[in-house]
Amino acid sequence: MHLLSVEHISKSYGEKVLFEDVSFGVEEGQKIGIIGVNGTGKSTLLKVIAGIEPADEGKVSIANHAVIRMLTQDPQFKESETALEHVLGGDSPQFQAYTKYHEAMELVELNPMNEAAQQQLIEANARMDELDAWKLESEAKQALNKLGITEWDKPVAHMSGGQRKRVAMAAALVLPSDILILDEPTNHIDNESVQWLESMLQKRRGALLMITHDRYFLDRVSNRILELDQGRAFFYEANYSKFLELKIDREDREAAAESKRQNLLRNELAWIRRGAKARTTKQKARIERFEKLQAAAPKEGNGKIELSVASTRLGRKIVEIENVSKSYGERQLIQDFSYIATPGDRVGIVGRNGAGKSTLLKMIGGRLEPDTGRIELGMTVKLGWFSQEREEMNESLRVSEYIRETAEQVKTADGTTISARQMLERFLFNSTMQWTPISKLSGGEKRRLQLLRVLMEAPNVLLLDEPTNDLDIATLTILEDYLDDFPGVVFVVSHDRYFLDRTVEKIIAFEDNGEQVVHTGNYSDYAEYAASREKTSKDNNRGLSSSSAGASKAESAESEAKKTRQPERQLKMSYKDQRDYEHIEDWIMEAEQELEEIAAQMEKNASSAGMLIELTEKQQAAEQKLEQLMDRWTELNELAEQIEAQKKG
């Protein structure tokens with residue numbers, strides 16, 4: 001069933017063209033993921049489709065009786081309405097029928113013999129049947145619970161921004177619609193809620209248009225991809241992983257076409273330069289052909305974000321957390337937690353919303369003090385903090401002015417020095433955008449700018465609090481590559497399962513029983529372990545209920561031992577482990593060669609005190625690097641031996 005048509009729509013803001021001449025249709029059952037670099041107009045496109053903003057050109061046509069509903073990044077609420085009232089729909093016919101039914105029930109309960117009240121209840125009952133509104137309340141409460149909202153009668157005005165977003169999402173899912181539009185639906189919800197949302201959308205019969213940076217979510221839910229790139233729209237009948245294959249094919253074809261165009265252009269240019277006389281029709285046609293070839297040049301692509309900022313050297317002591325506890329009022333968030341960071345640590349922090357993940361990160365960063373215990377940072381630690389709570393930016397500043405507040409120049413990982421202007425260009429802020437006031441940037445562009453500022457400070461311990469919120473997939477991909485080569489330590493709070501799988505090797509899990517558990521492996525490893533543990537617990541409970549009351553003490557003891565026995569976790573190397581394992585010996589050889597070269601330079605400059613001081617510092621850094629590589633080599637070889645032994649066993 002055809003639900004919506006988008007016909008030749010275009011939209012610009014001032015001189016910036018977001019998209020032009022975009023056309024497509026939406027059918028029932030289609031689940032369309034919209035992707036593109038921040039600032040390409042993804043959210044604006046959705047608002048145009050929903051009728052919130054007008055298009056400059058073209059039109060959007062919606063089928064008769066089709067209901068369209070949109071979850072925006074900044075949802076609006078009525079004054080004093082509760083979470084449940086908002087999800088039930090406020091002015092919707094279903095909510096009005098629900099309200100009248102409960103009012104009639106109260107009247108009958110007060111006066112069962114009142115015929116007028118009984119008649120009102122009968123009519124209200126019939127209206128509930130007519131609108132199929134009986135399940136509305138239970139579905140609303142279930143959606144709120146699954147999204148972490150348990151205080152249904154709490155006014156939305158008293159909730160945090162993340163809670164309000166979740167209330168709005170529950171309403172979008174529960175209230176009937178033929179076309180559902182979601183803008184970053186996975187922001188502000190935990191991993192368990194993301195999985196529930198996935199299952200809800202997979203079962204949904206109507207059409208879906210969504211923007212999301214969550215690549216697992218996009219891959220599992222979408223069956224069509226719309227990519228916005230430099231004002232153009234490209235469509236793929238595919239989920240995210242298949243889209244990547246098709247995009248490579250498209251870019252290869254475009255590159256081949258551009259190569260052919262360049263060859264033709266060179267031939268035509270040679271002819272023009274020979275002094276063509278533009279009198280005859282044939283000659284005029286050839287000149288026109290040359291001009292058309294020039295005009296056919298492809299638009300510049302989005303480029304590639306390059307993150308090669310140097311970091312400050314770390315000492316042996318990095319972050320030590322000892323017996324830390326933290327409460328808010330009577331609520332215990334963290335209890336007696338200890339952890340010692342080691343060189344190269346990549347630690348993901350996961351758990352339900354409100355469990356205390358960001359609180360732990362803030363204590364590591366010195367923004368909160370623990371109630372008991374201690375957190376100590378090494379003398380050489382230089383923190384870089386990238387928070388989900390947007391930093392207060394002076395939006396009257398221009399982009400270049402904001403970055404120059406941090407540094408005019410920055411040293412890159414290869415030792416060269418580049419200007420703030422060049423670094424901005426690497427982050428896709430071209431010369432025009434560098435003179436743009438921050439207030440004119442999109443939300444995602446502001447986040448990208450904040451990330452650049454954090455990295456330009458050359459930290460050696462990164463604290464990332466929900467870094468994937470509002471960043472586009474292109475930026476996330478390059479950030480992941482940067483973290484592969486980042487020599488320092490990373491602590492990251494995130495609900496983005498793909499990002500965690502790609503970047504971390506340890507998990508600190510805030511579990512439902514209030515404990516904090518450290519688990520070796522990425523997020524999928526931990527999720528597999530937690531699922532097997534839960535299954536074992538359920539199996540044990542079933543076995544306990546069916547066990548004989550007259551079992552002997554010896555049998556009971558054996559049964560208890562079986563209950564507590566955990567299945568052996570299947571060991572495997574993470575993405576980074578595998579990459580390091582393949583290259584570690586080459587890196588060790590390079591480090592040893594570097595030490596030999598430094599020793600030779602020290603011998604050559606034995607009479608220069610200044611050079612010797614500089615070379616001694618280099619030698620100490622190189623020795624520390626070699627020591628870390630040798631420790632890593634030992635760790636990886638032990639892991640490889642354990643994996644091999646497990647396979648044979």
# chains A, B, ... in the order shown; residues from 1 in each chain; ligands from 1

call {"tool": "select_by_dssp", "arguments": {"residues": "stretch 52-278 of chain A", "states": "helix (DSSP H, G or I)", "output": "MDAnalysis selection string"}}
result
chainID A and resid 83:88 93:110 115:131 136:146 156:158 161:174 191:203 215:221 240:273

call {"tool": "residues_around", "arguments": {"residues": "A:Glu457", "least_positions_apart": "3", "cutoff": "8 Å", "atoms": "only C-alpha atoms", "output": "list in words"}}
result
Gly384, Thr406, Ala407, Arg453 and Val454 of chain A

call {"tool": "residues_around", "arguments": {"residues": "stretch 216-232 of chain A", "least_positions_apart": "6", "cutoff": "10 Å", "atoms": "only C-alpha atoms", "output": "PyMOL selection string"}}
result
chain A and resi 10-12+16-22+24+29-42+45+186+194-195+197-203+208-210+238-243+247+299-302+496-499

call {"tool": "write_last_selection", "arguments": {"atoms": "C-alpha atoms", "output": "PDB file, in the first residue's frame"}}
result
ATOM      1  CA  SER A  10      14.760  21.034  -2.136  1.00  0.00           C
ATOM      2  CA  LYS A  11      15.826  22.915   0.994  1.00  0.00           C
ATOM      3  CA  SER A  12      18.521  25.499   1.682  1.00  0.00           C
ATOM      4  CA  LYS A  16      24.009  26.259   2.231  1.00  0.00           C
ATOM      5  CA  VAL A  17      22.117  23.701   0.127  1.00  0.00           C
ATOM      6  CA  LEU A  18      20.984  20.830   2.337  1.00  0.00           C
ATOM      7  CA  PHE A  19      19.331  18.726  -0.371  1.00  0.00           C
ATOM      8  CA  GLU A  20      17.907  19.325  -3.828  1.00  0.00           C
ATOM      9  CA  ASP A  21      15.481  17.574  -6.170  1.00  0.00           C
ATOM     10  CA  VAL A  22      14.854  14.625  -3.839  1.00  0.00           C
ATOM     11  CA  PHE A  24      10.951   8.886  -3.493  1.00  0.00           C
ATOM     12  CA  GLY A  29       6.206  -2.228   5.566  1.00  0.00           C
ATOM     13  CA  GLN A  30       9.211  -0.228   4.393  1.00  0.00           C
ATOM     14  CA  LYS A  31      11.704   0.640   7.116  1.00  0.00           C
ATOM     15  CA  ILE A  32      13.976   3.370   5.782  1.00  0.00           C
ATOM     16  CA  GLY A  33      17.206   4.344   7.524  1.00  0.00           C
ATOM     17  CA  ILE A  34      18.475   7.840   6.659  1.00  0.00           C
ATOM     18  CA  ILE A  35      22.230   8.384   6.952  1.00  0.00           C
ATOM     19  CA  GLY A  36      24.759  11.079   6.105  1.00  0.00           C
ATOM     20  CA  VAL A  37      27.387  13.315   7.658  1.00  0.00           C
ATOM     21  CA  ASN A  38      26.143  15.782  10.290  1.00  0.00           C
ATOM     22  CA  GLY A  39      24.856  18.959   8.671  1.00  0.00           C
ATOM     23  CA  THR A  40      23.656  17.310   5.443  1.00  0.00           C
ATOM     24  CA  GLY A  41      20.006  17.922   6.345  1.00  0.00           C
ATOM     25  CA  LYS A  42      18.791  14.550   7.668  1.00  0.00           C
ATOM     26  CA  LEU A  45      14.321  16.224   5.582  1.00  0.00           C
ATOM     27  CA  THR A 186      18.456   5.180  20.504  1.00  0.00           C
ATOM     28  CA  VAL A 194      17.480  -0.583  22.557  1.00  0.00           C
ATOM     29  CA  GLN A 195      16.981  -4.324  22.116  1.00  0.00           C
ATOM     30  CA  LEU A 197      12.847  -1.119  20.654  1.00  0.00           C
ATOM     31  CA  GLU A 198      14.477  -3.208  17.906  1.00  0.00           C
ATOM     32  CA  SER A 199      11.953  -6.003  18.414  1.00  0.00           C
ATOM     33  CA  MET A 200       9.029  -3.541  18.470  1.00  0.00           C
ATOM     34  CA  LEU A 201      10.045  -1.944  15.174  1.00  0.00           C
ATOM     35  CA  GLN A 202      10.844  -5.263  13.499  1.00  0.00           C
ATOM     36  CA  LYS A 203       7.238  -6.376  14.180  1.00  0.00           C
ATOM     37  CA  LEU A 208       9.162   3.693   9.298  1.00  0.00           C
ATOM     38  CA  LEU A 209      11.637   6.483   8.522  1.00  0.00           C
ATOM     39  CA  MET A 210      14.484   6.939  10.992  1.00  0.00           C
ATOM     40  CA  ALA A 238      19.220  -2.981   1.579  1.00  0.00           C
ATOM     41  CA  ASN A 239      19.968  -2.979   5.273  1.00  0.00           C
ATOM     42  CA  TYR A 240      23.113  -1.253   6.560  1.00  0.00           C
ATOM     43  CA  SER A 241      25.667  -4.014   5.906  1.00  0.00           C
ATOM     44  CA  LYS A 242      24.408  -4.578   2.349  1.00  0.00           C
ATOM     45  CA  PHE A 243      24.319  -0.798   1.826  1.00  0.00           C
ATOM     46  CA  LYS A 247      27.952   2.134  -1.798  1.00  0.00           C
ATOM     47  CA  LYS A 299      30.638  17.660  -6.401  1.00  0.00           C
ATOM     48  CA  GLU A 300      33.318  17.374  -3.779  1.00  0.00           C
ATOM     49  CA  GLY A 301      32.660  14.469  -1.450  1.00  0.00           C
ATOM     50  CA  ASN A 302      32.430  14.817   2.290  1.00  0.00           C
ATOM     51  CA  ASP A 496      25.993   1.769  21.340  1.00  0.00           C
ATOM     52  CA  ARG A 497      26.738  -1.961  21.099  1.00  0.00           C
ATOM     53  CA  TYR A 498      28.651  -1.674  17.805  1.00  0.00           C
ATOM     54  CA  PHE A 499      30.896   1.096  19.166  1.00  0.00           C
TER      55      PHE A 499
END

call {"tool": "atom_distance", "arguments": {"atom1": "atom CA of A:Phe234", "atom2": "atom CA of A:Ile248"}}
result
12.6 Å

call {"tool": "atom_distance", "arguments": {"atom1": "atom CA of A:Ser358", "atom2": "atom CA of A:Leu464"}}
result
9.5 Å

call {"tool": "atom_distance", "arguments": {"atom1": "atom CA of A:Leu107", "atom2": "atom CA of A:Glu151"}}
result
26.7 Å

call {"tool": "residues_around", "arguments": {"residues": "A:His158", "least_positions_apart": "5", "cutoff": "10 Å", "atoms": "only C-alpha atoms", "output": "MDAnalysis selection string"}}
result
chainID A and resid 80 82 163:164

call {"tool": "write_last_selection", "arguments": {"atoms": "N, CA, C and O atoms", "output": "mmCIF file, in the first residue's frame"}}
result
data_model
loop_
_atom_site.group_PDB
_atom_site.id
_atom_site.type_symbol
_atom_site.label_atom_id
_atom_site.label_comp_id
_atom_site.auth_asym_id
_atom_site.auth_seq_id
_atom_site.Cartn_x
_atom_site.Cartn_y
_atom_site.Cartn_z
ATOM 1 N N SER A 80 1.950 20.538 32.731
ATOM 2 C CA SER A 80 1.423 19.739 33.852
ATOM 3 C C SER A 80 0.971 18.332 33.468
ATOM 4 O O SER A 80 0.541 17.572 34.334
ATOM 5 N N THR A 82 1.131 14.358 32.813
ATOM 6 C CA THR A 82 1.976 13.292 33.336
ATOM 7 C C THR A 82 2.502 12.440 32.185
ATOM 8 O O THR A 82 2.047 12.539 31.048
ATOM 9 N N GLN A 163 14.749 11.561 30.083
ATOM 10 C CA GLN A 163 13.468 10.932 30.448
ATOM 11 C C GLN A 163 12.331 11.459 29.582
ATOM 12 O O GLN A 163 11.460 10.694 29.153
ATOM 13 N N ARG A 164 12.337 12.764 29.302
ATOM 14 C CA ARG A 164 11.282 13.329 28.447
ATOM 15 C C ARG A 164 11.338 12.723 27.045
ATOM 16 O O ARG A 164 10.302 12.439 26.437
#

call {"tool": "closest_residue", "arguments": {"among": "A:Ser23, A:Asn64, A:Thr44, A:Gln601", "to": "A:Phe235", "atoms": "only C-alpha atoms"}}
result
A:Ser23

call {"tool": "residues_around", "arguments": {"residues": "stretch 315-322 of chain A", "least_positions_apart": "2", "cutoff": "6 Å", "atoms": "only C-alpha atoms", "output": "mmCIF file with C-alpha atoms, in the first residue's frame"}}
result
data_model
loop_
_atom_site.group_PDB
_atom_site.id
_atom_site.type_symbol
_atom_site.label_atom_id
_atom_site.label_comp_id
_atom_site.auth_asym_id
_atom_site.auth_seq_id
_atom_site.Cartn_x
_atom_site.Cartn_y
_atom_site.Cartn_z
ATOM 1 C CA VAL A 324 34.842 3.442 46.212
ATOM 2 C CA SER A 338 37.980 -1.195 42.953
ATOM 3 C CA TYR A 339 39.865 -1.072 39.656
ATOM 4 C CA ILE A 340 43.439 -0.319 38.564
ATOM 5 C CA ALA A 341 43.928 0.921 34.988
ATOM 6 C CA GLY A 373 37.291 5.050 49.210
ATOM 7 C CA ARG A 374 39.757 6.844 46.988
ATOM 8 C CA ILE A 375 40.472 7.566 43.322
ATOM 9 C CA GLU A 376 44.030 8.579 42.460
ATOM 10 C CA LEU A 377 45.417 9.678 39.104
ATOM 11 C CA GLY A 378 49.059 9.397 38.105
ATOM 12 C CA THR A 380 51.449 12.329 34.134
#

call {"tool": "select_by_dssp", "arguments": {"residues": "stretch 408-607 of chain A", "states": "strand (DSSP E or B)", "output": "list in words"}}
result
Gln409, Val410, Lys411, Thr412, Thr417, Ile418, Ser419, Pro437, Val461, Leu462, Leu463, Leu464, Asp465, Val489, Val490, Phe491, Val492, Val493, Lys506, Ile507, Ile508, Ala509, Phe510, Gln516, Val517, Val518, His519 and Thr520 of chain A

call {"tool": "residues_around", "arguments": {"residues": "stretch 510-515 of chain A", "least_positions_apart": "5", "cutoff": "8 Å", "atoms": "only C-alpha atoms", "output": "PDB file with C-alpha atoms, in the first residue's frame"}}
result
ATOM      1  CA  GLN A 332      23.283   3.265  46.670  1.00  0.00           C
ATOM      2  CA  LEU A 333      24.797   3.586  43.188  1.00  0.00           C
ATOM      3  CA  ILE A 334      28.339   2.262  43.681  1.00  0.00           C
ATOM      4  CA  GLN A 335      29.488   0.061  46.526  1.00  0.00           C
ATOM      5  CA  ILE A 349      30.937   0.968  31.255  1.00  0.00           C
ATOM      6  CA  VAL A 350      27.426  -0.450  30.777  1.00  0.00           C
ATOM      7  CA  GLY A 351      24.170  -0.823  32.710  1.00  0.00           C
ATOM      8  CA  ARG A 352      20.646   0.498  32.998  1.00  0.00           C
ATOM      9  CA  ALA A 355      22.592   2.877  37.560  1.00  0.00           C
ATOM     10  CA  GLY A 356      25.591   5.167  38.179  1.00  0.00           C
ATOM     11  CA  LYS A 357      27.721   4.818  35.018  1.00  0.00           C
TER      12      LYS A 357
END

call {"tool": "residues_around", "arguments": {"residues": "stretch 618-632 of chain A", "least_positions_apart": "3", "cutoff": "9 Å", "atoms": "only C-alpha atoms", "output": "PyMOL selection string"}}
result
chain A and resi 313+315+343-344+580-581+584-585+587-588+591-592+594-595+598-599+613-615+635-637

call {"tool": "closest_residue", "arguments": {"among": "A:Met611, A:Val347, A:Leu368, A:Leu639", "to": "A:Val493", "atoms": "only C-alpha atoms"}}
result
A:Val347
